[in-house]
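What follows is the content of query.tsv, which has TSV, C-alpha atoms:
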chain	number	residue	atom	x	y	z
A	1075	VAL	CA	-2.28	17.88	7.61
A	1076	THR	CA	0.52	20.32	6.82
A	1077	SER	CA	2.58	20.73	3.68
A	1078	SER	CA	5.63	19.37	5.53
A	1079	ALA	CA	3.62	16.24	6.35
A	1080	ASP	CA	2.59	16.00	2.68
A	1081	ARG	CA	6.23	16.20	1.58
A	1082	PHE	CA	7.23	13.60	4.16
A	1083	MET	CA	4.55	11.18	2.92
A	1084	ASP	CA	5.50	11.76	-0.71
A	1085	ARG	CA	9.12	10.81	0.01
A	1086	ALA	CA	8.13	7.67	1.89
A	1087	LEU	CA	7.66	4.39	0.00
A	1088	ILE	CA	6.01	2.37	2.75
A	1089	VAL	CA	3.02	3.09	4.96
A	1090	ARG	CA	2.55	0.92	8.03
A	1091	LEU	CA	-1.18	0.69	8.36
A	1092	ALA	CA	-2.68	-0.14	11.76
A	1093	THR	CA	-6.20	-1.54	11.73
A	1094	GLN	CA	-8.52	-3.12	14.25
A	1095	SER	CA	-10.44	-6.35	13.68
A	1096	ARG	CA	-14.11	-6.82	14.44
A	1097	ALA	CA	-12.98	-8.62	17.61
A	1098	GLY	CA	-10.86	-5.61	18.61
A	1099	LEU	CA	-7.45	-7.09	17.77
A	1100	PRO	CA	-4.78	-4.79	16.31
A	1101	LEU	CA	-2.89	-5.44	13.07
A	1102	VAL	CA	0.09	-3.64	11.50
A	1103	THR	CA	0.63	-4.11	7.77
A	1104	PRO	CA	3.40	-2.50	5.68
A	1105	LEU	CA	2.05	-1.47	2.27
A	1106	TRP	CA	2.78	0.50	-0.88
A	1107	PHE	CA	0.67	3.62	-1.33
A	1108	VAL	CA	0.14	6.86	-3.19
A	1109	ARG	CA	-1.13	10.15	-1.83
A	1110	ASP	CA	-3.93	11.97	-3.60
A	1111	GLY	CA	-4.37	15.26	-1.77
A	1112	ALA	CA	-5.77	14.43	1.65
A	1113	LYS	CA	-6.30	10.79	0.75
A	1114	ILE	CA	-3.99	7.78	0.90
A	1115	ILE	CA	-4.69	5.19	-1.79
A	1116	ILE	CA	-3.67	1.56	-1.32
A	1117	GLY	CA	-4.23	-1.27	-3.76
A	1118	THR	CA	-5.20	-4.44	-1.93
A	1119	ARG	CA	-7.59	-7.40	-1.86
A	1120	ARG	CA	-11.06	-7.24	-0.38
A	1121	GLY	CA	-10.32	-10.43	1.56
A	1122	SER	CA	-7.00	-9.26	3.01
A	1123	PRO	CA	-6.95	-9.00	6.82
A	1124	HIS	CA	-6.33	-5.23	6.78
A	1125	ALA	CA	-9.17	-4.60	4.30
A	1126	ARG	CA	-11.57	-6.73	6.35
A	1127	ASN	CA	-10.50	-4.84	9.47
A	1128	ALA	CA	-10.93	-1.47	7.78
A	1129	PHE	CA	-14.41	-2.49	6.68
A	1130	ALA	CA	-15.30	-3.47	10.27
A	1131	ASN	CA	-13.55	-0.50	11.92
A	1132	PRO	CA	-12.81	2.37	9.53
A	1133	SER	CA	-10.65	4.37	11.98
A	1134	VAL	CA	-7.02	3.63	11.14
A	1135	VAL	CA	-3.58	4.89	12.12
A	1136	MET	CA	-0.68	5.13	9.69
A	1137	THR	CA	3.01	5.59	10.31
A	1138	PHE	CA	5.44	6.83	7.67
A	1139	GLY	CA	9.09	6.37	8.59
A	1140	ASP	CA	11.27	6.25	5.50
A	1141	ARG	CA	12.68	8.56	2.89
A	1142	HIS	CA	13.00	6.76	-0.44
A	1143	GLY	CA	13.18	3.49	1.50
A	1144	ARG	CA	15.71	4.56	4.15
A	1145	PRO	CA	14.53	4.85	7.77
A	1146	THR	CA	14.12	8.38	9.09
A	1147	ARG	CA	14.81	9.69	12.59
A	1148	ARG	CA	11.32	11.06	12.96
A	1149	VAL	CA	8.13	9.29	12.04
A	1150	LEU	CA	4.84	10.74	10.87
A	1151	ARG	CA	1.79	9.32	12.63
A	1152	ALA	CA	-1.38	10.01	10.70
A	1153	PHE	CA	-4.95	9.27	11.66
A	1154	GLY	CA	-7.69	8.70	9.17
A	1155	THR	CA	-10.88	7.01	8.09
A	1156	ALA	CA	-10.70	4.16	5.62
A	1157	ARG	CA	-13.15	3.15	2.95
A	1158	VAL	CA	-12.91	-0.19	1.17
A	1159	ALA	CA	-13.67	0.56	-2.46
A	1160	ASP	CA	-13.87	-1.37	-5.71
A	1161	TYR	CA	-10.58	-1.60	-7.57
A	1162	GLU	CA	-12.29	0.11	-10.51
A	1163	GLU	CA	-12.37	3.30	-8.44
A	1164	MET	CA	-8.60	3.53	-8.67
A	1165	THR	CA	-8.07	6.30	-11.18
A	1166	THR	CA	-5.58	6.44	-14.01
A	1167	MET	CA	-3.74	9.11	-12.00
A	1168	HIS	CA	-3.42	6.73	-9.05
A	1169	LYS	CA	-2.05	3.98	-11.30
A	1170	VAL	CA	0.40	6.35	-12.96
A	1171	LYS	CA	1.62	7.54	-9.56
A	1172	LEU	CA	2.03	3.94	-8.37
A	1173	ALA	CA	3.96	3.05	-11.52
A	1174	TRP	CA	6.14	6.16	-11.18
A	1175	ARG	CA	6.98	5.47	-7.54
A	1176	TYR	CA	7.52	1.70	-7.66
A	1177	PHE	CA	8.34	0.73	-11.24
A	1178	LEU	CA	9.86	3.66	-13.12
A	1179	GLN	CA	12.45	5.18	-10.77
A	1180	PRO	CA	16.03	4.26	-11.73
A	1181	ALA	CA	16.46	2.04	-8.65
A	1182	SER	CA	13.13	0.36	-9.39
A	1183	ILE	CA	14.07	-0.35	-12.99
A	1184	VAL	CA	17.33	-1.93	-11.83
A	1185	HIS	CA	15.37	-3.96	-9.27
A	1186	TRP	CA	12.84	-5.29	-11.78
A	1187	LEU	CA	15.47	-6.07	-14.38
A	1188	GLY	CA	17.60	-7.83	-11.77
A	1189	ASN	CA	14.63	-10.00	-10.77
A	1190	TRP	CA	13.12	-10.59	-14.21
A	1191	ARG	CA	13.10	-14.37	-13.68
A	1192	LYS	CA	10.66	-13.96	-10.77
A	1193	ILE	CA	8.15	-11.78	-12.60
A	1194	GLY	CA	6.20	-14.75	-14.00
A	1195	MET	CA	5.77	-16.15	-10.49
A	1196	ARG	CA	4.63	-12.71	-9.29
A	1197	ASN	CA	2.02	-12.56	-12.05
A	1198	ARG	CA	0.75	-16.03	-11.09
A	1199	TYR	CA	0.60	-14.94	-7.44
A	1200	TYR	CA	-1.79	-12.11	-8.31
A	1201	SER	CA	-3.79	-14.14	-10.82
A	1202	GLU	CA	-4.71	-16.47	-7.94
A	1203	ARG	CA	-6.04	-13.55	-5.92
A	1204	THR	CA	-9.22	-12.55	-7.63
A	1205	ASP	CA	-10.70	-9.92	-5.34
A	1206	PRO	CA	-8.71	-6.75	-6.11
A	1207	SER	CA	-9.82	-3.77	-4.15
A	1208	MET	CA	-8.69	-0.38	-2.99
A	1209	LEU	CA	-8.39	1.31	0.37
A	1210	GLU	CA	-9.10	5.03	0.31
A	1211	ILE	CA	-8.05	6.63	3.58
A	1212	THR	CA	-9.07	10.19	4.31
A	1213	LEU	CA	-6.40	11.91	6.40
A	1214	GLU	CA	-7.70	13.74	9.43
A	1215	ARG	CA	-4.66	14.74	11.44
A	1216	ALA	CA	-0.97	13.97	11.63
A	1217	GLU	CA	1.94	14.54	13.96
A	1218	PHE	CA	5.67	13.99	13.87
A	1219	VAL	CA	7.19	11.86	16.64
A	1220	ALA	CA	10.80	10.95	17.34
A	1221	ARG	CA	11.67	7.35	16.57
A	1222	PRO	CA	12.72	5.64	19.83
A	1223	VAL	CA	16.36	4.58	19.51
A	1224	ALA	CA	17.39	1.14	20.78
A	1225	VAL	CA	21.00	2.10	21.49
A	1226	GLU	CA	21.74	5.64	22.57
A	1227	GLU	CA	24.76	7.32	21.03
A	1228	ILE	CA	27.62	8.13	23.37
A	1229	THR	CA	28.53	11.80	23.03
B	1477	LEU	CA	-3.50	-28.48	-5.32
B	1478	THR	CA	-0.83	-25.84	-5.28
B	1479	GLU	CA	-0.69	-22.11	-4.83
B	1480	ILE	CA	1.91	-19.36	-5.13
B	1481	THR	CA	3.02	-18.18	-1.72
B	1482	ARG	CA	5.31	-15.60	-0.21
B	1483	SER	CA	5.02	-17.10	3.27
B	1484	VAL	CA	8.20	-18.02	5.10
B	1485	THR	CA	9.01	-18.71	8.73
B	1486	ALA	CA	10.41	-16.26	11.24
B	1487	ASP	CA	13.53	-18.43	11.35
B	1488	ASP	CA	13.98	-17.82	7.61
B	1489	LEU	CA	14.20	-14.11	8.45
B	1490	ARG	CA	16.42	-14.52	11.50
B	1491	SER	CA	19.07	-12.20	10.06
B	1492	LEU	CA	16.45	-9.48	9.60
B	1493	LEU	CA	15.23	-9.92	13.19
B	1494	ASP	CA	18.72	-10.05	14.67
B	1495	GLY	CA	19.78	-6.94	12.79
B	1496	ALA	CA	16.64	-4.88	13.32
B	1497	SER	CA	16.66	-2.02	15.80
B	1498	GLU	CA	13.21	-0.65	15.02
B	1499	ALA	CA	9.67	-1.96	14.68
B	1500	THR	CA	6.10	-0.72	14.49
B	1501	ILE	CA	3.39	-1.67	16.94
B	1502	ALA	CA	-0.33	-1.14	17.23
B	1503	TRP	CA	-2.69	-1.81	20.07
B	1504	VAL	CA	-6.23	-1.08	21.16
B	1505	GLU	CA	-6.91	0.53	24.51
B	1506	ASP	CA	-10.38	1.56	25.67
B	1507	GLY	CA	-11.62	0.84	22.17
B	1508	HIS	CA	-9.15	3.24	20.56
B	1509	LEU	CA	-6.56	2.03	18.06
B	1510	THR	CA	-3.09	3.55	18.18
B	1511	SER	CA	0.25	2.86	16.56
B	1512	TRP	CA	3.83	3.89	17.33
B	1513	PRO	CA	7.33	3.34	16.04
B	1514	THR	CA	9.45	1.51	18.60
B	1515	ALA	CA	13.00	0.53	19.33
B	1516	PHE	CA	13.41	-3.21	18.86
B	1517	ASN	CA	15.64	-5.97	20.14
B	1518	SER	CA	15.24	-9.59	19.19
B	1519	ARG	CA	18.24	-11.37	20.61
B	1520	GLU	CA	17.57	-14.96	21.66
B	1521	GLY	CA	14.52	-15.06	19.41
B	1522	ARG	CA	12.46	-12.85	21.69
B	1523	TYR	CA	10.40	-9.91	20.52
B	1524	ARG	CA	11.28	-6.95	22.75
B	1525	PHE	CA	10.51	-3.31	22.08
B	1526	GLY	CA	11.13	0.01	23.77
B	1527	LEU	CA	8.90	3.05	24.02
B	1528	PRO	CA	9.03	6.34	25.89
B	1529	ALA	CA	7.87	5.71	29.45
B	1530	GLY	CA	4.13	5.88	29.97
B	1531	THR	CA	3.19	5.30	26.34
B	1532	MET	CA	1.50	1.93	26.93
B	1533	SER	CA	0.28	-0.30	29.74
B	1534	GLU	CA	1.36	-3.82	30.58
B	1535	GLY	CA	-0.96	-6.58	29.42
B	1536	VAL	CA	-2.36	-5.01	26.27
B	1537	VAL	CA	-2.33	-7.11	23.12
B	1538	VAL	CA	-0.08	-5.67	20.42
B	1539	SER	CA	0.60	-6.33	16.78
B	1540	LEU	CA	4.31	-5.84	16.13
B	1541	SER	CA	5.82	-5.69	12.67
B	1542	VAL	CA	9.51	-5.91	11.90
B	1543	ASP	CA	9.80	-5.39	8.19
B	1544	ALA	CA	12.24	-4.21	5.58
B	1545	GLY	CA	12.53	-3.42	1.90
B	1546	ALA	CA	10.73	-0.99	-0.35
B	1547	MET	CA	11.25	-2.64	-3.74
B	1548	TYR	CA	8.92	-5.53	-4.56
B	1549	PHE	CA	11.14	-8.58	-4.22
B	1550	ASP	CA	12.89	-7.08	-1.18
B	1551	LEU	CA	9.65	-6.76	0.82
B	1552	ARG	CA	9.89	-9.02	3.84
B	1553	GLY	CA	8.93	-9.04	7.46
B	1554	VAL	CA	7.72	-10.78	10.56
B	1555	ARG	CA	4.56	-9.86	12.42
B	1556	VAL	CA	3.64	-11.16	15.85
B	1557	ARG	CA	0.65	-10.63	18.06
B	1558	GLY	CA	0.21	-11.19	21.76
B	1559	PRO	CA	0.04	-9.58	25.18
B	1560	VAL	CA	3.02	-7.61	26.46
B	1561	LYS	CA	4.80	-7.67	29.78
B	1562	ARG	CA	7.23	-5.07	31.08
B	1563	ILE	CA	10.88	-6.17	31.21
B	1564	ASP	CA	14.23	-4.68	32.18
B	1565	ALA	CA	16.05	-2.93	29.36
B	1566	PRO	CA	17.94	-5.60	27.39
B	1567	GLU	CA	21.69	-5.43	27.79
B	1568	GLY	CA	23.26	-2.76	25.62
B	1569	THR	CA	19.99	-0.95	24.90
B	1570	ALA	CA	18.71	2.44	25.91
B	1571	PRO	CA	17.61	2.39	29.58
B	1572	SER	CA	15.72	5.63	29.06
B	1573	LEU	CA	13.00	3.68	27.27
B	1574	GLU	CA	10.39	1.47	28.86
B	1575	TRP	CA	10.87	-2.06	27.50
B	1576	PHE	CA	8.25	-4.71	26.85
B	1577	GLU	CA	8.24	-8.26	25.52
B	1578	VAL	CA	5.51	-9.80	23.38
B	1579	GLY	CA	4.11	-13.15	24.52
B	1580	VAL	CA	3.70	-14.46	20.99
B	1581	GLU	CA	0.33	-16.02	20.24
B	1582	ARG	CA	0.47	-15.61	16.48
B	1583	GLU	CA	3.44	-15.23	14.14
B	1584	THR	CA	3.42	-14.48	10.42
B	1585	ALA	CA	6.38	-14.00	8.10
B	1586	TRP	CA	6.66	-13.12	4.44
B	1587	HIS	CA	9.29	-12.48	1.79
B	1588	TYR	CA	8.24	-11.56	-1.74
B	1589	GLY	CA	11.68	-12.51	-2.98
B	1590	THR	CA	10.81	-16.15	-2.24
B	1591	LEU	CA	7.57	-16.39	-4.25
B	1592	ARG	CA	7.18	-20.05	-5.13
B	1593	GLU	CA	4.69	-22.81	-5.80
B	1594	ASN	CA	3.62	-24.64	-2.70
B	1595	GLU	CA	1.02	-27.10	-1.45
B	1596	ARG	CA	-2.21	-25.22	-0.83
B	1597	ARG	CA	-2.92	-24.88	2.87
B	1598	ASP	CA	-6.40	-25.32	4.28
B	1599	GLU	CA	-7.18	-22.21	6.30
Mind converting the file's structure to structure tokens?
Amino acid sequence: VTSSADRFMDRALIVRLATQSRAGLPLVTPLWFVRDGAKIIIGTRRGSPHARNAFANPSVVMTFGDRHGRPTRRVLRAFGTARVADYEEMTTMHKVKLAWRYFLQPASIVHWLGNWRKIGMRNRYYSERTDPSMLEITLERAEFVARPVAVEEIT
Amino acid sequence: LTEITRSVTADDLRSLLDGASEATIAWVEDGHLTSWPTAFNSREGRYRFGLPAGTMSEGVVVSLSVDAGAMYFDLRGVRVRGPVKRIDAPEGTAPSLEWFEVGVERETAWHYGTLRENERRDE
């Protein structure tokens, strides 16, 4: 995985994680993430479909296709091996990076303040989900691909 | 019994689907999982996507996600799963791509901006 791929991942806010169920069915899930060297860290629940799939079939494919939330013309496809870990394995550095990316950027602060009435409901949502976990995905290789365009530009 | 849910219906996200021009798909072929970004077209409530020719075969089962948002309460999307069949390029779309349509067997939609208390569903 090259430094340009690292930069591309660091600018992206969403990873679309493809996993395969025990029965061999595919699943795409958009998720928040942080990168820790050659690992992608995702907070999740042990009972979530993508975590159950990753436990059954650790080979996963990820696509990164945004820059600070805006779609990019090229997309990074990355292949890796996932491990479903206890939430306690998420380090302070991971939590700080998550907070920095999704809570402490100026646009994030505006977003949270603008939705402050919903925060109590969000906290209740997570309090009902009592199996926090972490996906640790070790990156193995990555490639840039052009995003197929639905409507071609007339030049 | 109640629970907090972010589940919505695909119809609730019709404006997202109608406005989307890109999606992400995954499928399994010969035991190998793969995933690609695709062009997308959902007019008339159908899930149609375009890929460079030769990327996938007809009949495979795909998971297709049309999603948007990066900030928490903006996160929303629709995910469908089902077998694909090859179709003609939808009107007004790029004919250089190979187009497919998903025969929807399962549909899931979510919007974190709609978190609310709801009757608990038996799953």
Quick one: residues within 10 Å of Tyr1548 (chain B), only C-alpha atoms counted, chain neighbours fewer than 5 positions away excluded, as a short mmCIF file (atom, residue, chain, number, x, y, z; two decimals) with C-alpha atoms, in the frame of the given file?
data_model
loop_
_atom_site.label_atom_id
_atom_site.label_comp_id
_atom_site.auth_asym_id
_atom_site.auth_seq_id
_atom_site.Cartn_x
_atom_site.Cartn_y
_atom_site.Cartn_z
CA TRP A 1106 2.78 0.50 -0.88
CA TYR A 1176 7.52 1.70 -7.66
CA PHE A 1177 8.34 0.73 -11.24
CA SER A 1182 13.13 0.36 -9.39
CA HIS A 1185 15.37 -3.96 -9.27
CA TRP A 1186 12.84 -5.29 -11.78
CA ASN A 1189 14.63 -10.00 -10.77
CA ARG A 1196 4.63 -12.71 -9.29
CA HIS B 1587 9.29 -12.48 1.79
CA TYR B 1588 8.24 -11.56 -1.74
CA GLY B 1589 11.68 -12.51 -2.98
#
message: Should the cut-off be 6 Å, what would the residue list for chain B against chain A look like, counting all atoms listed in the file, as a count of residues only?
response: 11
message: Set the distance at 12 Å and use all atoms listed in the file: which residues neighbour Ile1211 (chain A) once local chain neighbours fewer than 3 positions away are removed? I'd like the list as an MDAnalysis selection string.
response: chainID A and resid 1089 1091:1093 1107:1117 1125 1128:1129 1132:1136 1152:1159 1208 1214:1215
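Interatomic distance, CA of Leu1551 (chain B) to CA of Val1578 (chain B): 23.1 Å.
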task: Determine, counting all atoms listed in the file, which protein, DNA and RNA residues have an atom within 7 Å of an atom of Glu1479 (chain B); residues of the same chain fewer than 4 positions away are not included. Present the result as a list in words.
output: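 Contacts, with the query itself left out: Glu1593, Asn1594, Glu1595 and Arg1596 of chain B.
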task: For CA of Pro1559 (chain B) and CA of Thr1481 (chain B), quote the distance in Å rounded to one decimal.
output: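 We find that CA of Pro1559 (chain B) and CA of Thr1481 (chain B) lie 28.4 Å from each other.
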Atom pair CA of Trp1586 (chain B) / CA of Thr1485 (chain B): separation (Å):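 Atom-to-atom, CA of Trp1586 (chain B) to CA of Thr1485 (chain B), that is 7.4 Å.
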- prompt: When distances are computed from all atoms listed in the file, which of B:Asp1506, B:Glu1498, B:Asp1487, B:Glu1581 shows the smallest separation from Ala1544 (chain B)?
  reply: B:Glu1498
